[in-house]
>>> print(open('entry07.cif').read())   # mmCIF, C-alpha atoms and all ligand atoms
data_my_file
#
loop_
_atom_site.label_atom_id
_atom_site.label_comp_id
_atom_site.auth_asym_id
_atom_site.auth_seq_id
_atom_site.Cartn_x
_atom_site.Cartn_y
_atom_site.Cartn_z
CA MET A 1 79.88 141.57 -12.06
CA MET A 2 76.26 142.39 -11.31
CA LYS A 3 75.83 143.40 -7.65
CA ASN A 4 72.75 142.38 -5.74
CA VAL A 5 70.74 145.22 -4.17
CA ILE A 6 68.96 145.38 -0.84
CA ALA A 7 67.09 148.50 0.21
CA GLY A 8 65.16 149.42 3.35
CA ASN A 9 62.21 151.73 2.75
CA TRP A 10 61.45 153.28 6.13
CA LYS A 11 58.36 155.09 4.78
CA SER A 12 56.96 157.64 7.30
CA ASN A 13 58.41 156.04 10.41
CA LYS A 14 60.71 157.10 13.25
CA LEU A 15 61.72 160.45 14.66
CA MET A 16 65.23 161.74 13.97
CA ALA A 17 67.11 160.43 17.02
CA GLU A 18 65.49 157.02 16.77
CA ALA A 19 66.16 156.87 13.02
CA LEU A 20 69.84 157.74 13.45
CA ARG A 21 70.11 155.05 16.12
CA LEU A 22 68.64 152.51 13.73
CA MET A 23 71.09 153.49 10.99
CA LYS A 24 74.03 153.08 13.40
CA GLU A 25 72.76 149.69 14.54
CA ILE A 26 72.45 148.52 10.95
CA GLU A 27 75.89 149.89 10.08
CA SER A 28 77.55 148.18 12.99
CA GLY A 29 76.03 144.85 11.96
CA LEU A 30 77.37 145.00 8.41
CA THR A 31 80.99 144.31 7.52
CA SER A 32 82.82 146.11 4.74
CA GLU A 33 83.10 142.78 2.89
CA ILE A 34 79.45 142.85 1.88
CA SER A 35 79.21 142.49 -1.88
CA ALA A 36 75.61 143.69 -2.29
CA GLU A 37 74.66 147.34 -2.53
CA VAL A 38 72.90 148.14 0.76
CA ILE A 39 70.60 151.16 0.76
CA ILE A 40 68.32 152.79 3.31
CA ALA A 41 65.59 155.31 2.52
CA PRO A 42 64.79 157.34 5.65
CA PRO A 43 62.11 160.08 5.75
CA ALA A 44 62.99 163.12 3.64
CA PRO A 45 63.77 165.60 6.46
CA TYR A 46 66.70 163.42 7.58
CA LEU A 47 68.31 162.81 4.20
CA SER A 48 71.06 165.40 4.37
CA ALA A 49 72.10 164.38 7.89
CA PHE A 50 71.99 160.71 6.96
CA ALA A 51 74.06 161.24 3.83
CA SER A 52 76.75 162.96 5.94
CA GLU A 53 76.58 160.39 8.75
CA ALA A 54 76.50 157.24 6.63
CA LYS A 55 79.74 155.34 6.80
CA GLY A 56 80.90 152.08 5.29
CA VAL A 57 78.60 150.18 3.02
CA LEU A 58 75.34 152.06 3.55
CA GLN A 59 74.01 154.25 0.74
CA ILE A 60 71.13 156.68 1.17
CA ALA A 61 67.97 156.88 -0.93
CA SER A 62 65.11 159.34 -1.01
CA GLN A 63 61.61 157.88 -1.07
CA GLN A 64 60.70 160.21 -3.95
CA CYS A 65 61.65 163.40 -5.82
CA SER A 66 59.77 166.02 -7.79
CA ALA A 67 59.02 165.75 -11.50
CA THR A 68 60.17 169.32 -12.04
CA GLY A 69 63.41 171.28 -11.93
CA SER A 70 63.89 174.15 -9.51
CA GLY A 71 61.39 177.01 -9.40
CA ALA A 72 58.14 178.07 -7.79
CA PHE A 73 56.98 174.62 -6.62
CA THR A 74 56.25 175.01 -2.92
CA GLY A 75 57.06 171.91 -0.90
CA GLU A 76 58.73 169.99 -3.71
CA PHE A 77 62.36 168.92 -3.73
CA THR A 78 64.23 168.21 -6.92
CA ALA A 79 66.46 165.32 -7.85
CA ALA A 80 69.38 167.74 -8.20
CA MET A 81 68.81 168.94 -4.61
CA LEU A 82 68.99 165.35 -3.42
CA GLY A 83 72.26 164.83 -5.29
CA SER A 84 73.67 168.01 -3.76
CA CYS A 85 73.01 166.56 -0.27
CA GLY A 86 74.93 163.36 -1.04
CA VAL A 87 71.87 161.21 -1.74
CA LYS A 88 72.68 158.60 -4.39
CA TRP A 89 69.35 156.87 -4.97
CA VAL A 90 65.66 157.66 -5.28
CA ILE A 91 62.61 155.40 -5.12
CA ILE A 92 60.17 156.23 -7.92
CA GLY A 93 56.71 154.82 -8.58
CA HIS A 94 56.04 153.24 -5.20
CA SER A 95 52.42 152.03 -5.10
CA GLU A 96 51.77 154.11 -1.97
CA ARG A 97 52.57 157.25 -4.00
CA ARG A 98 50.70 156.02 -7.07
CA GLU A 99 47.59 155.26 -5.00
CA GLY A 100 47.72 157.92 -2.29
CA TYR A 101 49.29 160.93 -4.02
CA GLY A 102 48.00 160.75 -7.58
CA GLU A 103 51.28 159.72 -9.19
CA THR A 104 50.21 158.60 -12.64
CA ASP A 105 52.38 156.72 -15.12
CA ASN A 106 53.04 160.07 -16.78
CA VAL A 107 54.26 161.68 -13.54
CA ILE A 108 56.45 158.66 -12.83
CA ARG A 109 57.95 158.87 -16.31
CA LYS A 110 58.85 162.54 -15.67
CA LYS A 111 60.28 161.83 -12.22
CA LEU A 112 62.40 159.02 -13.59
CA ARG A 113 63.88 161.29 -16.23
CA ALA A 114 64.45 164.09 -13.71
CA ALA A 115 66.33 161.65 -11.48
CA LEU A 116 68.48 160.24 -14.29
CA ASP A 117 69.27 163.74 -15.60
CA SER A 118 70.57 164.62 -12.13
CA GLY A 119 72.78 161.54 -11.93
CA LEU A 120 70.73 159.69 -9.32
CA GLN A 121 70.23 155.95 -9.43
CA VAL A 122 66.62 154.83 -9.35
CA LEU A 123 64.67 152.10 -7.62
CA LEU A 124 61.69 151.94 -9.99
CA CYS A 125 58.67 150.21 -8.47
CA CYS A 126 55.97 148.30 -10.30
CA GLY A 127 53.36 145.79 -9.18
CA GLU A 128 49.72 144.86 -9.47
CA PRO A 129 46.78 145.18 -7.04
CA LEU A 130 44.96 142.07 -5.81
CA GLU A 131 42.05 142.29 -8.25
CA VAL A 132 44.48 142.36 -11.18
CA ARG A 133 46.33 139.30 -9.86
CA GLU A 134 42.99 137.53 -9.40
CA SER A 135 41.90 138.37 -12.93
CA GLU A 136 45.26 136.96 -14.15
CA THR A 137 46.19 140.13 -16.02
CA HIS A 138 49.20 140.92 -13.79
CA PHE A 139 51.80 140.47 -16.53
CA ASP A 140 50.03 142.98 -18.79
CA TRP A 141 49.66 145.37 -15.85
CA VAL A 142 53.33 145.33 -14.94
CA GLN A 143 54.44 145.49 -18.58
CA ASN A 144 52.25 148.54 -19.08
CA GLN A 145 53.72 150.30 -16.02
CA LEU A 146 57.27 149.58 -17.17
CA MET A 147 56.56 150.54 -20.77
CA HIS A 148 55.29 153.95 -19.68
CA ALA A 149 58.30 154.52 -17.44
CA LEU A 150 61.09 153.14 -19.59
CA SER A 151 60.20 153.56 -23.25
CA GLY A 152 62.60 155.79 -25.12
CA LEU A 153 65.47 155.34 -22.65
CA SER A 154 68.88 154.22 -23.89
CA ASN A 155 70.44 150.89 -22.93
CA SER A 156 72.99 152.73 -20.82
CA ALA A 157 70.25 154.59 -18.89
CA LEU A 158 68.97 151.22 -17.74
CA GLU A 159 72.26 150.64 -15.90
CA SER A 160 71.16 153.36 -13.43
CA ILE A 161 67.80 151.72 -12.79
CA VAL A 162 66.92 148.85 -10.46
CA ILE A 163 63.41 147.50 -11.00
CA ALA A 164 61.51 146.62 -7.83
CA TYR A 165 58.57 144.27 -8.31
CA GLU A 166 56.21 144.90 -5.41
CA PRO A 167 52.81 143.22 -5.75
CA ILE A 168 50.48 145.56 -3.87
CA TRP A 169 48.62 142.68 -2.24
CA ALA A 170 51.87 141.66 -0.53
CA ILE A 171 52.88 145.08 0.83
CA GLY A 172 52.48 145.38 4.58
CA THR A 173 49.98 142.51 4.59
CA GLY A 174 52.23 139.70 5.77
CA LYS A 175 51.17 137.89 2.59
CA THR A 176 54.37 137.40 0.59
CA ALA A 177 54.37 136.37 -3.04
CA SER A 178 55.64 132.80 -3.16
CA ALA A 179 59.18 132.40 -4.42
CA GLY A 180 57.68 130.87 -7.57
CA GLN A 181 55.36 133.84 -8.14
CA ALA A 182 58.25 136.27 -7.68
CA GLN A 183 60.52 134.32 -10.02
CA GLU A 184 57.80 134.06 -12.65
CA MET A 185 57.24 137.83 -12.73
CA HIS A 186 60.95 138.67 -12.57
CA ALA A 187 61.67 136.33 -15.49
CA PHE A 188 58.79 137.94 -17.40
CA ILE A 189 60.24 141.42 -16.75
CA ARG A 190 63.73 140.33 -17.81
CA ASN A 191 62.39 138.81 -21.00
CA TRP A 192 60.42 141.97 -21.74
CA LEU A 193 63.59 144.05 -21.17
CA SER A 194 65.50 141.86 -23.60
CA ILE A 195 62.89 142.58 -26.27
CA CYS A 196 62.75 146.35 -25.58
CA PHE A 197 66.47 146.87 -25.02
CA ASP A 198 68.78 143.91 -25.69
CA ARG A 199 69.73 140.64 -24.08
CA SER A 200 72.88 141.80 -22.36
CA THR A 201 71.16 144.92 -20.98
CA ALA A 202 68.33 142.74 -19.69
CA ARG A 203 70.76 140.27 -18.14
CA GLY A 204 72.60 143.10 -16.36
CA CYS A 205 69.46 144.75 -14.94
CA ARG A 206 68.85 144.17 -11.24
CA ILE A 207 65.26 143.15 -10.49
CA ILE A 208 64.42 143.07 -6.80
CA TYR A 209 61.36 141.88 -4.89
CA GLY A 210 59.33 143.80 -2.29
CA GLY A 211 56.29 142.83 -0.23
CA SER A 212 56.42 141.30 3.26
CA CYS A 213 59.99 140.10 2.76
CA LYS A 214 61.38 139.04 6.15
CA PRO A 215 64.14 136.83 7.57
CA SER A 216 61.89 133.75 7.42
CA ASN A 217 61.20 133.95 3.68
CA ALA A 218 64.30 135.80 2.40
CA ASP A 219 66.29 132.60 1.68
CA ASP A 220 63.58 131.21 -0.58
CA LEU A 221 63.02 134.47 -2.44
CA PHE A 222 66.73 135.14 -2.97
CA ALA A 223 67.34 131.58 -4.18
CA GLN A 224 65.39 132.43 -7.34
CA PRO A 225 67.67 133.09 -10.30
CA ASP A 226 65.95 136.32 -11.39
CA VAL A 227 65.56 137.80 -7.90
CA ASN A 228 68.57 140.08 -7.43
CA GLY A 229 67.67 141.44 -4.02
CA GLY A 230 64.86 143.06 -2.07
CA LEU A 231 63.04 146.27 -1.23
CA ILE A 232 62.11 145.87 2.41
CA GLY A 233 59.47 147.85 4.31
CA GLY A 234 58.46 146.79 7.82
CA ALA A 235 61.38 144.43 8.43
CA SER A 236 63.88 147.21 7.64
CA LEU A 237 62.72 149.08 10.76
CA ASN A 238 64.34 146.44 12.94
CA ALA A 239 68.14 146.29 12.68
CA ALA A 240 68.43 142.56 13.44
CA ASP A 241 65.78 141.65 10.87
CA PHE A 242 67.26 143.86 8.18
CA ILE A 243 70.77 142.52 8.82
CA ALA A 244 69.41 138.95 8.66
CA ILE A 245 67.83 139.73 5.27
CA VAL A 246 71.10 141.26 3.98
CA THR A 247 72.92 138.13 5.19
CA ALA A 248 70.42 135.88 3.40
CA LEU A 249 71.14 137.77 0.18
CA GLU A 250 74.89 137.49 0.70
CA ASN A 251 74.60 133.74 1.23
CA ARG A 252 72.39 133.05 -1.79
P1 LIG B 301 56.64 145.58 3.51
O1 LIG B 301 58.00 144.90 3.49
O2 LIG B 301 56.32 146.21 4.82
O3 LIG B 301 55.56 144.70 2.98
O4 LIG B 301 56.77 146.83 2.48
C1 LIG B 301 57.28 146.62 1.22
C2 LIG B 301 57.47 147.95 0.59
O5 LIG B 301 56.50 148.64 0.30
C3 LIG B 301 58.85 148.41 0.35
O6 LIG B 301 58.86 149.52 -0.48
#
>>> encode(input="entry07.cif", output="structure tokens")
Amino acid sequence: MMKNVIAGNWKSNKLMAEALRLMKEIESGLTSEISAEVIIAPPAPYLSAFASEAKGVLQIASQQCSATGSGAFTGEFTAAMLGSCGVKWVIIGHSERREGYGETDNVIRKKLRAALDSGLQVLLCCGEPLEVRESETHFDWVQNQLMHALSGLSNSALESIVIAYEPIWAIGTGKTASAGQAQEMHAFIRNWLSICFDRSTARGCRIIYGGSCKPSNADDLFAQPDVNGGLIGGASLNAADFIAIVTALENR
């Protein structure tokens, strides 16, 4: 059965001791009966320690990886290195990396392949900026991002990918997409997947929502049939809020 997915993207927040404390608080609030996959993505310097410390249901994600293999690439870390530290997941294509660090569709395509080749599972982000939403070309925008990233992959490769729809205008702004807007885009993505891959692959693909998701709107978002979970930024930095969001997903 398809498992829902909930991931906390901690971005560049918290020093080591504080971050470990937050992970422990989250862990102690989650029972082993949770059916969803629960993931946290702490800052890169802590990944190895977190992967060793994580107990129970929590899985660890990196917030990115390099597009290259090993070699003379100062400061980069490869997908294989992440796997060797016990990291199971990597976020690829987050809008903050696309916009702030020059990650083009081509770079994202390479990173995605590097991650899959190393056996990592991927949280692949897509989503439109405000001006694109206002010009009503958001479906084309998202389709184009996904086409660049996914074209040429096999149906089975898609099983290792969770698609995260994160409209940029909703990230960190407090302005969430309405449940209807999220559902509409997720259904569009699933339909597009069924055309590019096949219906059963599309049906089995987890599509999660990110952008100002919090305990007060999680129920509505997760009630949508094509919303299979969430990628949570700010609210994942507070254990009680993150646990409440996981609980909302469990109760959907
Ligand atoms: P917020 O939940 O803070 O809006 O961030 C969403 C996000 O960017 C998760 O990757």
>>> residues_around(input="entry07.cif", residues="Gly93 (chain A)", least_positions_apart="5", cutoff="12 Å", atoms="only C-alpha atoms", output="PyMOL selection string")
chain A and resi 63-67+98-112+122-127+142+145-146+148-150+162-166
>>> closest_atom_pairs(input="entry07.cif", of="chain A", to="ligand LIG 301 (chain B)", cutoff="10 Å", atoms="only C-alpha atoms and all ligand atoms", output="CSV")
residue,atom,partner,partner_atom,distance
A:Ala7,CA,B:LIG301,C3,8.2
A:Gly8,CA,B:LIG301,C3,7.1
A:Asn9,CA,B:LIG301,O6,5.2
A:Trp10,CA,B:LIG301,C3,8.0
A:Lys11,CA,B:LIG301,O6,7.7
A:Ala41,CA,B:LIG301,O6,9.4
A:Gln63,CA,B:LIG301,O6,8.8
A:Ile91,CA,B:LIG301,O6,8.4
A:Gly93,CA,B:LIG301,O6,9.9
A:His94,CA,B:LIG301,O6,6.6
A:Ser95,CA,B:LIG301,O5,7.6
A:Glu96,CA,B:LIG301,O5,7.6
A:Leu123,CA,B:LIG301,O6,9.6
A:Cys125,CA,B:LIG301,O6,8.0
A:Ala164,CA,B:LIG301,O6,8.3
A:Tyr165,CA,B:LIG301,O6,9.4
A:Glu166,CA,B:LIG301,O5,6.8
A:Pro167,CA,B:LIG301,O5,8.9
A:Ile168,CA,B:LIG301,O5,7.9
A:Trp169,CA,B:LIG301,O3,8.9
A:Ala170,CA,B:LIG301,O3,5.9
A:Ile171,CA,B:LIG301,O3,3.5
A:Gly172,CA,B:LIG301,O3,3.5
A:Thr173,CA,B:LIG301,O3,6.2
A:Gly174,CA,B:LIG301,O3,6.6
A:Lys175,CA,B:LIG301,O3,8.1
A:Thr176,CA,B:LIG301,O3,7.8
A:Tyr209,CA,B:LIG301,C3,8.7
A:Gly210,CA,B:LIG301,C1,4.9
A:Gly211,CA,B:LIG301,O3,3.8
A:Ser212,CA,B:LIG301,O3,3.5
A:Cys213,CA,B:LIG301,O1,5.2
A:Lys214,CA,B:LIG301,O1,7.3
A:Gly230,CA,B:LIG301,C3,8.4
A:Leu231,CA,B:LIG301,C3,5.0
A:Ile232,CA,B:LIG301,O1,4.4
A:Gly233,CA,B:LIG301,O1,3.4
A:Gly234,CA,B:LIG301,O2,3.7
A:Ala235,CA,B:LIG301,O1,6.0
A:Ser236,CA,B:LIG301,O1,7.6
A:Leu237,CA,B:LIG301,O2,9.2
>>> closest_atom_pairs(input="entry07.cif", of="region 56-104 of chain A", to="region 20-26 of chain A", cutoff="12 Å", atoms="all atoms listed in the file", output="JSON lines")
{"residue": "A:Gly56", "atom": "CA", "partner": "A:Lys24", "partner_atom": "CA", "distance": 10.7}
{"residue": "A:Val57", "atom": "CA", "partner": "A:Ile26", "partner_atom": "CA", "distance": 10.2}
{"residue": "A:Leu58", "atom": "CA", "partner": "A:Met23", "partner_atom": "CA", "distance": 8.7}
{"residue": "A:Gln59", "atom": "CA", "partner": "A:Met23", "partner_atom": "CA", "distance": 10.7}
{"residue": "A:Ile60", "atom": "CA", "partner": "A:Met23", "partner_atom": "CA", "distance": 10.3}
>>> closest_residue(input="entry07.cif", among="A:Pro215, A:Ala19, A:Ile208, A:Gly69", to="Ile243 (chain A)", atoms="only C-alpha atoms")
A:Pro215
>>> atom_distance(input="entry07.cif", atom1="CA of Lys88 (chain A)", atom2="CA of Ser62 (chain A)")
8.3 Å
>>> closest_residue(input="entry07.cif", among="A:Ala239, A:Met2, A:Leu221, A:Leu120", to="Ser35 (chain A)", atoms="all atoms listed in the file")
A:Met2
>>> atom_distance(input="entry07.cif", atom1="CA of Val227 (chain A)", atom2="CA of Ser28 (chain A)")
26.2 Å
>>> closest_residue(input="entry07.cif", among="A:Pro225, A:Ser200, A:Ile6, A:Gly119", to="Ile245 (chain A)", atoms="only C-alpha atoms")
A:Ile6
>>> closest_residue(input="entry07.cif", among="A:Ala44, A:Ala248, A:Leu193, A:Ala36", to="Ser154 (chain A)", atoms="all atoms listed in the file")
A:Leu193
>>> atom_distance(input="entry07.cif", atom1="CA of Ile161 (chain A)", atom2="CA of Ser52 (chain A)")
23.6 Å
>>> residues_near_point(input="entry07.cif", point="(69.1, 135.6, -11.0)", cutoff="9 Å", atoms="all atoms listed in the file", output="ChimeraX atom specification")
/A:183,186-187,203,206-207,222-228
>>> write_last_selection(input="entry07.cif", atoms="C-alpha atoms", output="CSV table (one decimal), in the frame of the given file")
chain,number,residue,atom,x,y,z
A,183,GLN,CA,60.5,134.3,-10.0
A,186,HIS,CA,61.0,138.7,-12.6
A,187,ALA,CA,61.7,136.3,-15.5
A,203,ARG,CA,70.8,140.3,-18.1
A,206,ARG,CA,68.8,144.2,-11.2
A,207,ILE,CA,65.3,143.2,-10.5
A,222,PHE,CA,66.7,135.1,-3.0
A,223,ALA,CA,67.3,131.6,-4.2
A,224,GLN,CA,65.4,132.4,-7.3
A,225,PRO,CA,67.7,133.1,-10.3
A,226,ASP,CA,66.0,136.3,-11.4
A,227,VAL,CA,65.6,137.8,-7.9
A,228,ASN,CA,68.6,140.1,-7.4
>>> closest_residue(input="entry07.cif", among="A:Pro43, A:Lys55, A:Arg97, A:Leu15", to="Thr31 (chain A)", atoms="only C-alpha atoms")
A:Lys55
>>> axis_aligned_box(input="entry07.cif", around="region 24-28 of chain A", padding_each_side="6 Å", output="JSON")
{"center_x": 75.0, "center_y": 150.6, "center_z": 12.3, "size_x": 17.1, "size_y": 16.9, "size_z": 16.5}
>>> closest_residue(input="entry07.cif", among="A:Leu30, A:Ala179, A:Ala72, A:Met16", to="Tyr46 (chain A)", atoms="only C-alpha atoms")
A:Met16
>>> build_atoms(input="entry07.cif", residues="region 128-140 of chain A", atoms="N, CA, C and O atoms", output="CSV table (one decimal), in the frame of the given file")
chain,number,residue,atom,x,y,z
A,128,GLU,N,51.2,144.8,-9.2
A,128,GLU,CA,49.7,144.9,-9.5
A,128,GLU,C,48.9,144.8,-8.2
A,128,GLU,O,49.3,144.2,-7.2
A,129,PRO,N,47.7,145.4,-8.2
A,129,PRO,CA,46.8,145.2,-7.0
A,129,PRO,C,46.2,143.8,-7.1
A,129,PRO,O,46.3,143.1,-8.1
A,130,LEU,N,45.5,143.4,-6.0
A,130,LEU,CA,45.0,142.1,-5.8
A,130,LEU,C,44.0,141.7,-6.9
A,130,LEU,O,44.0,140.6,-7.5
A,131,GLU,N,43.1,142.6,-7.3
A,131,GLU,CA,42.0,142.3,-8.2
A,131,GLU,C,42.7,142.0,-9.6
A,131,GLU,O,42.1,141.2,-10.4
A,132,VAL,N,43.8,142.6,-9.9
A,132,VAL,CA,44.5,142.4,-11.2
A,132,VAL,C,45.1,141.0,-11.1
A,132,VAL,O,45.0,140.2,-12.1
A,133,ARG,N,45.7,140.6,-10.0
A,133,ARG,CA,46.3,139.3,-9.9
A,133,ARG,C,45.2,138.3,-10.0
A,133,ARG,O,45.4,137.2,-10.7
A,134,GLU,N,44.1,138.5,-9.4
A,134,GLU,CA,43.0,137.5,-9.4
A,134,GLU,C,42.4,137.4,-10.8
A,134,GLU,O,41.9,136.3,-11.2
A,135,SER,N,42.4,138.5,-11.6
A,135,SER,CA,41.9,138.4,-12.9
A,135,SER,C,43.0,137.9,-13.9
A,135,SER,O,42.8,137.8,-15.1
A,136,GLU,N,44.2,137.5,-13.4
A,136,GLU,CA,45.3,137.0,-14.2
A,136,GLU,C,45.7,137.9,-15.3
A,136,GLU,O,46.1,137.4,-16.4
A,137,THR,N,45.7,139.2,-15.0
A,137,THR,CA,46.2,140.1,-16.0
A,137,THR,C,47.4,140.9,-15.5
A,137,THR,O,47.8,142.0,-15.9
A,138,HIS,N,48.1,140.2,-14.5
A,138,HIS,CA,49.2,140.9,-13.8
A,138,HIS,C,50.4,141.1,-14.7
A,138,HIS,O,51.1,142.1,-14.5
A,139,PHE,N,50.6,140.3,-15.6
A,139,PHE,CA,51.8,140.5,-16.5
A,139,PHE,C,51.6,141.7,-17.4
A,139,PHE,O,52.5,142.5,-17.6
A,140,ASP,N,50.4,141.8,-18.0
A,140,ASP,CA,50.0,143.0,-18.8
A,140,ASP,C,50.1,144.3,-18.0
A,140,ASP,O,50.6,145.3,-18.4
